[in-house]
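Student: What follows is protein-v1.txt; its format and atoms are compact mmCIF, C-alpha atoms.
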```
# COMPACT_ATOMS: atom_id res chain seq x y z
CA MET B 1 15.23 24.51 10.35
CA ALA B 2 12.40 25.31 7.93
CA PRO B 3 9.99 22.53 6.92
CA CYS B 4 11.00 20.75 3.72
CA LEU B 5 9.63 18.15 1.33
CA VAL B 6 8.27 14.91 2.84
CA HIS B 7 7.66 11.86 0.63
CA LEU B 8 4.85 9.59 1.80
CA GLY B 9 5.67 6.25 0.18
CA GLY B 10 3.68 3.68 2.11
CA LEU B 11 2.91 0.10 1.15
CA SER B 12 -0.83 0.28 1.85
CA ASP B 13 -3.64 2.37 3.32
CA ARG B 14 -2.56 1.39 6.84
CA GLU B 15 0.31 3.88 6.98
CA PHE B 16 -0.86 7.43 6.14
CA THR B 17 -4.15 9.24 6.58
CA LEU B 18 -5.59 12.40 5.12
CA ALA B 19 -5.49 13.92 8.62
CA PHE B 20 -1.73 13.18 8.83
CA MET B 21 -1.19 14.92 5.49
CA GLU B 22 -3.24 17.91 6.65
CA ALA B 23 -1.13 18.14 9.81
CA LEU B 24 2.10 18.15 7.77
CA LYS B 25 0.74 20.81 5.42
CA GLY B 26 -0.35 22.85 8.44
CA GLN B 27 3.28 22.86 9.60
CA GLY B 28 4.44 24.14 6.21
CA PHE B 29 5.80 20.90 4.74
CA ARG B 30 5.70 20.26 1.01
CA LEU B 31 4.34 16.78 0.24
CA SER B 32 5.09 14.05 -2.24
CA VAL B 33 2.60 11.17 -2.19
CA ASP B 34 2.87 7.68 -3.66
CA MET B 35 -0.77 6.80 -4.34
CA GLN B 36 -0.02 3.15 -3.55
CA SER B 37 -0.34 4.39 0.06
CA PHE B 38 -4.05 4.93 -0.56
CA VAL B 39 -5.06 2.68 -3.51
CA TRP B 40 -3.71 -0.53 -1.95
CA ARG B 41 -6.36 -1.31 0.68
CA VAL B 42 -5.89 -3.99 3.32
CA ASN B 43 -9.04 -6.08 3.70
CA PRO B 44 -9.76 -6.18 7.47
CA ALA B 45 -11.15 -9.74 7.31
CA SER B 46 -8.78 -11.50 4.92
CA LYS B 47 -5.73 -9.22 5.46
CA LYS B 48 -5.20 -9.36 1.69
CA ILE B 49 -4.43 -6.23 -0.29
CA ASP B 50 -6.97 -5.10 -2.89
CA TYR B 51 -6.85 -2.19 -5.30
CA ARG B 52 -9.63 0.34 -4.68
CA ASP B 53 -10.59 3.81 -5.73
CA VAL B 54 -9.92 6.51 -3.14
CA PRO B 55 -12.94 8.64 -2.22
CA GLU B 56 -10.73 11.46 -0.86
CA LYS B 57 -8.41 11.46 -3.91
CA ARG B 58 -9.18 15.04 -4.92
CA ASP B 59 -8.25 16.25 -1.43
CA ILE B 60 -4.97 14.32 -1.64
CA PHE B 61 -4.13 15.74 -5.08
CA ARG B 62 -4.85 19.30 -3.96
CA MET B 63 -2.55 18.93 -0.93
CA ALA B 64 0.36 17.16 -2.64
CA ASP B 65 3.13 18.99 -4.46
CA TYR B 66 4.08 15.73 -6.23
CA VAL B 67 1.97 12.64 -6.90
CA LYS B 68 3.47 9.31 -7.98
CA LEU B 69 1.51 6.28 -9.16
CA ASP B 70 1.79 3.39 -11.57
CA VAL B 71 -0.49 2.63 -14.49
CA ASN B 72 -2.63 0.17 -12.49
CA GLU B 73 -3.16 2.68 -9.69
CA ALA B 74 -3.98 5.32 -12.30
CA LYS B 75 -6.61 3.02 -13.80
CA TRP B 76 -8.30 2.58 -10.41
CA LEU B 77 -8.37 6.32 -9.84
CA THR B 78 -9.23 7.56 -13.34
CA GLY B 79 -10.66 4.57 -15.23
CA THR B 80 -8.01 4.73 -17.98
CA THR B 81 -4.58 3.20 -18.68
CA ASP B 82 -3.69 5.98 -21.14
CA LEU B 83 -0.98 7.84 -19.25
CA SER B 84 -1.62 11.22 -20.87
CA ILE B 85 -5.36 11.10 -20.26
CA ALA B 86 -4.89 9.93 -16.67
CA ALA B 87 -2.31 12.66 -15.98
CA GLU B 88 -4.60 15.30 -17.45
CA MET B 89 -7.47 14.10 -15.26
CA LEU B 90 -5.28 14.21 -12.14
CA ASP B 91 -4.15 17.70 -13.17
CA GLY B 92 -7.81 18.72 -13.32
CA TRP B 93 -8.34 17.33 -9.82
CA GLY B 94 -5.56 19.50 -8.42
CA SER B 95 -2.32 17.53 -8.90
CA ARG B 96 0.53 20.01 -9.36
CA GLU B 97 3.15 17.56 -10.65
CA THR B 98 2.31 13.96 -11.52
CA VAL B 99 4.63 11.01 -12.24
CA ILE B 100 3.13 7.77 -13.65
CA THR B 101 5.17 4.63 -14.35
CA ARG B 102 4.43 1.64 -16.55
CA ALA B 103 6.51 -1.27 -17.85
CA ASP B 104 8.20 0.63 -20.68
CA GLY B 105 8.75 4.03 -19.14
CA VAL B 106 7.48 6.97 -17.13
CA LEU B 107 5.39 10.05 -17.79
CA ALA B 108 5.56 13.33 -15.88
CA ARG B 109 2.99 16.11 -16.13
CA PHE B 110 3.70 19.64 -14.99
CA ASP B 111 2.21 23.00 -15.88
CA GLY B 112 -0.11 21.44 -18.47
CA ASN B 113 2.66 19.59 -20.33
CA ASN B 114 3.39 15.86 -20.52
CA TYR B 115 6.89 14.40 -20.82
CA PHE B 116 7.70 10.72 -21.38
CA GLU B 117 10.94 8.79 -21.00
CA ARG B 118 11.52 5.13 -21.82
CA PHE B 119 13.40 2.79 -19.53
CA CYS B 120 16.72 1.52 -20.92
CA ASN B 121 17.26 -1.51 -18.67
CA ARG B 122 19.00 -4.62 -19.98
CA GLY B 123 17.27 -6.97 -17.52
CA ILE B 124 14.56 -7.04 -14.87
CA GLN B 125 16.14 -9.01 -12.01
CA GLY B 126 15.73 -5.97 -9.74
CA ARG B 127 12.28 -4.80 -10.81
CA THR B 128 10.96 -4.77 -7.23
CA ALA B 129 10.94 -1.19 -5.86
CA ARG B 130 11.49 0.32 -9.31
CA GLY B 131 8.83 2.97 -8.60
CA ASP B 132 10.30 3.91 -5.22
CA THR B 133 13.74 4.25 -6.77
CA LEU B 134 12.40 6.29 -9.65
CA ILE B 135 10.48 8.80 -7.53
CA GLY B 136 13.40 9.18 -5.12
CA ALA B 137 15.74 9.98 -8.00
CA TYR B 138 13.17 12.28 -9.61
CA LEU B 139 12.53 14.29 -6.44
CA ALA B 140 16.25 14.64 -5.67
CA ARG B 141 17.08 15.76 -9.22
CA ARG B 142 14.04 18.05 -9.35
CA LEU B 143 15.54 20.24 -6.62
CA ASP B 144 17.90 21.75 -9.21
CA TYR B 145 16.74 20.60 -12.65
CA SER B 146 13.79 20.85 -15.04
CA VAL B 147 11.02 18.27 -15.28
CA ARG B 148 12.52 16.85 -18.50
CA GLU B 149 16.03 16.51 -17.12
CA SER B 150 14.79 15.09 -13.82
CA LEU B 151 12.55 12.58 -15.58
CA ARG B 152 15.34 11.43 -17.89
CA PHE B 153 17.77 11.09 -15.00
CA ALA B 154 15.24 9.13 -12.91
CA ALA B 155 14.34 6.81 -15.83
CA VAL B 156 17.99 5.96 -16.44
CA LEU B 157 18.76 5.47 -12.74
CA ALA B 158 15.70 3.22 -12.28
CA SER B 159 16.74 1.27 -15.40
CA ILE B 160 20.16 0.56 -13.90
CA LYS B 161 18.52 -0.44 -10.61
CA MET B 162 16.27 -2.95 -12.44
CA GLU B 163 19.29 -4.84 -13.75
CA ALA B 164 20.29 -6.21 -10.33
CA LYS B 165 18.47 -7.24 -7.18
CA GLY B 166 18.48 -4.90 -4.22
CA PRO B 167 18.75 -1.13 -4.01
CA PHE B 168 20.52 1.09 -6.52
CA ARG B 169 24.23 0.97 -5.74
CA GLY B 170 25.56 3.06 -8.60
CA THR B 171 26.80 6.62 -8.85
CA ILE B 172 25.58 9.79 -10.50
CA ALA B 173 28.50 9.45 -12.93
CA GLU B 174 27.26 5.97 -13.91
CA VAL B 175 23.77 7.30 -14.55
CA LEU B 176 25.07 10.15 -16.71
CA GLU B 177 27.35 7.77 -18.62
CA ARG B 178 24.46 5.36 -19.30
CA ASP B 179 22.33 8.27 -20.48
CA LYS B 180 25.08 9.34 -22.87
CA ALA B 181 25.64 5.77 -24.11
CA TRP B 182 21.90 5.42 -24.60
CA GLY B 183 22.28 8.00 -27.34
CA ARG B 184 20.77 11.05 -25.74
CA GLY B 185 23.39 13.59 -24.86
CA GLU B 186 22.95 17.14 -23.59
CA GLY B 187 20.13 18.88 -25.44
CA ASP B 188 18.56 15.66 -26.76
CA LEU B 189 15.82 15.21 -24.21
CA GLY B 190 13.63 12.64 -25.90
CA PRO B 191 10.07 13.02 -27.19
CA GLU B 192 7.33 14.83 -25.36
CA ALA B 193 4.47 12.42 -24.79
CA THR B 194 1.12 13.12 -26.32
CA HIS B 195 -0.37 9.72 -25.58
CA GLY B 196 0.61 7.13 -22.96
```
Give the structure from this file in structure tokens form.

Tutor:
Amino acid sequence: MAPCLVHLGGLSDREFTLAFMEALKGQGFRLSVDMQSFVWRVNPASKKIDYRDVPEKRDIFRMADYVKLDVNEAKWLTGTTDLSIAAEMLDGWGSRETVITRADGVLARFDGNNYFERFCNRGIQGRTARGDTLIGAYLARRLDYSVRESLRFAAVLASIKMEAKGPFRGTIAEVLERDKAWGRGEGDLGPEATHG
């Protein structure tokens, strides 16, 4: 079986190393990286997690096919909370396809273009693991669909997940129905983001 896409979605810097990524790339794997795996640093003395910049970030971005982060992680890496500016900076550092979440929605950057989709959740009881759910849905949809369609699908699926505690337990049909009810049918893909 040929190597495929591997998503590195760790909780902190204790799970994945640059050397591990290099080994995977050396075997032909495509990589998706959640930057939480590097930005969240465990303090050796206190065992508390702190946000920190990542000295090897440019090496990570150049190796990864997909990079996922939230607005706080983006601020630590780029110095800005403006999603479009942060995504453009990451693009300049070698990121091929970037996905950045924040409270109201998600931005994706690919091939020099930014796309933004708002969340449509009706509650936030299940907000924990929203980002993990979103990137999982995005990567799965991205196998066969465009960035815009994949981003829209992932935003709707993550929105449904946020409405109840625990993992997403819905169906693709439910996601498509919510998208349609949200008022954006086929061909109405939402605005392209120019600023976060």

Student: Separation of atom CA of B:Asn121 and atom CA of B:Val156, in Å?

Tutor: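 A separation of 7.8 Å between them.
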
Student: For the atom pair atom CA of B:Arg52 and atom CA of B:Leu139, what is the interatomic distance in Å to one decimal place?

Tutor: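 Separating atom CA of B:Arg52 from atom CA of B:Leu139 is a distance of 26.2 Å.
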
Student: Neighbouring residues of stretch 86-88 of chain B were defined as those with any atom within 12 Å, considering all atoms listed in the file; residues of the same chain fewer than 3 positions away were excluded. Please report them as a PyMOL selection string.

Tutor: chain B and resi 61+67-83+91-101+106-116+193-196

Student: Based on the selection just made, write C-alpha atoms of those residues as an mmCIF file, in the frame of the given file.

Tutor:
```cif
data_model
loop_
_atom_site.group_PDB
_atom_site.id
_atom_site.type_symbol
_atom_site.label_atom_id
_atom_site.label_comp_id
_atom_site.auth_asym_id
_atom_site.auth_seq_id
_atom_site.Cartn_x
_atom_site.Cartn_y
_atom_site.Cartn_z
ATOM 1 C CA PHE B 61 -4.130 15.740 -5.080
ATOM 2 C CA VAL B 67 1.970 12.640 -6.900
ATOM 3 C CA LYS B 68 3.470 9.310 -7.980
ATOM 4 C CA LEU B 69 1.510 6.280 -9.160
ATOM 5 C CA ASP B 70 1.790 3.390 -11.570
ATOM 6 C CA VAL B 71 -0.490 2.630 -14.490
ATOM 7 C CA ASN B 72 -2.630 0.170 -12.490
ATOM 8 C CA GLU B 73 -3.160 2.680 -9.690
ATOM 9 C CA ALA B 74 -3.980 5.320 -12.300
ATOM 10 C CA LYS B 75 -6.610 3.020 -13.800
ATOM 11 C CA TRP B 76 -8.300 2.580 -10.410
ATOM 12 C CA LEU B 77 -8.370 6.320 -9.840
ATOM 13 C CA THR B 78 -9.230 7.560 -13.340
ATOM 14 C CA GLY B 79 -10.660 4.570 -15.230
ATOM 15 C CA THR B 80 -8.010 4.730 -17.980
ATOM 16 C CA THR B 81 -4.580 3.200 -18.680
ATOM 17 C CA ASP B 82 -3.690 5.980 -21.140
ATOM 18 C CA LEU B 83 -0.980 7.840 -19.250
ATOM 19 C CA ASP B 91 -4.150 17.700 -13.170
ATOM 20 C CA GLY B 92 -7.810 18.720 -13.320
ATOM 21 C CA TRP B 93 -8.340 17.330 -9.820
ATOM 22 C CA GLY B 94 -5.560 19.500 -8.420
ATOM 23 C CA SER B 95 -2.320 17.530 -8.900
ATOM 24 C CA ARG B 96 0.530 20.010 -9.360
ATOM 25 C CA GLU B 97 3.150 17.560 -10.650
ATOM 26 C CA THR B 98 2.310 13.960 -11.520
ATOM 27 C CA VAL B 99 4.630 11.010 -12.240
ATOM 28 C CA ILE B 100 3.130 7.770 -13.650
ATOM 29 C CA THR B 101 5.170 4.630 -14.350
ATOM 30 C CA VAL B 106 7.480 6.970 -17.130
ATOM 31 C CA LEU B 107 5.390 10.050 -17.790
ATOM 32 C CA ALA B 108 5.560 13.330 -15.880
ATOM 33 C CA ARG B 109 2.990 16.110 -16.130
ATOM 34 C CA PHE B 110 3.700 19.640 -14.990
ATOM 35 C CA ASP B 111 2.210 23.000 -15.880
ATOM 36 C CA GLY B 112 -0.110 21.440 -18.470
ATOM 37 C CA ASN B 113 2.660 19.590 -20.330
ATOM 38 C CA ASN B 114 3.390 15.860 -20.520
ATOM 39 C CA TYR B 115 6.890 14.400 -20.820
ATOM 40 C CA PHE B 116 7.700 10.720 -21.380
ATOM 41 C CA ALA B 193 4.470 12.420 -24.790
ATOM 42 C CA THR B 194 1.120 13.120 -26.320
ATOM 43 C CA HIS B 195 -0.370 9.720 -25.580
ATOM 44 C CA GLY B 196 0.610 7.130 -22.960
#
```

Student: Report the distance between atom CA of B:Lys47 and atom CA of B:Glu15 in Å, rounded to one decimal place.

Tutor: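 Computed distance, atom CA of B:Lys47 to atom CA of B:Glu15, equals 14.5 Å.
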
Student: For a cutoff of 8 Å around the file-coordinate point (0.0, 5.5, -0.6), which residues qualify once you count only C-alpha atoms? I'd like the result as a PyMOL selection string.

Tutor: chain B and resi 8-13+15-16+33-40

Student: Would you please work out which residue, of B:Leu157, B:Ile49, B:Val42, B:Cys4, is nearest to B:Lys25 when using all atoms listed in the file?

Tutor: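 So, comparing all the options, the nearest one is B:Cys4.
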
Student: Using only C-alpha atoms, which residues sit within 8 Å of B:Ile160 once same-chain residues fewer than 4 positions away are excluded, as a PyMOL selection string?

Tutor: chain B and resi 120-121+156+164+168+170+175

Student: Box for stretch 102-115 of chain B: with edges along x, y and z, all listed atoms inside and 5 Å added on each side, what are the centre and edge lengths in Å to one decimal, as JSON?

Tutor:
```
{"center_x": 4.3, "center_y": 10.9, "center_z": -17.9, "size_x": 18.9, "size_y": 34.3, "size_z": 15.8}
```

Student: I'd like the contact shell of B:Phe153 - 8 Å cut-off, only C-alpha atoms, skipping same-chain residues fewer than 4 positions apart - returned as a PyMOL selection string.

Tutor: chain B and resi 137-138+141+149+157+175-176+179

Student: Looking at only C-alpha atoms, which of B:Ser150, B:Thr133, B:Gly28, B:Ala155 is the one that sits closest to B:Arg169?

Tutor: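 Using only C-alpha atoms, B:Arg169 sits closest to B:Thr133.
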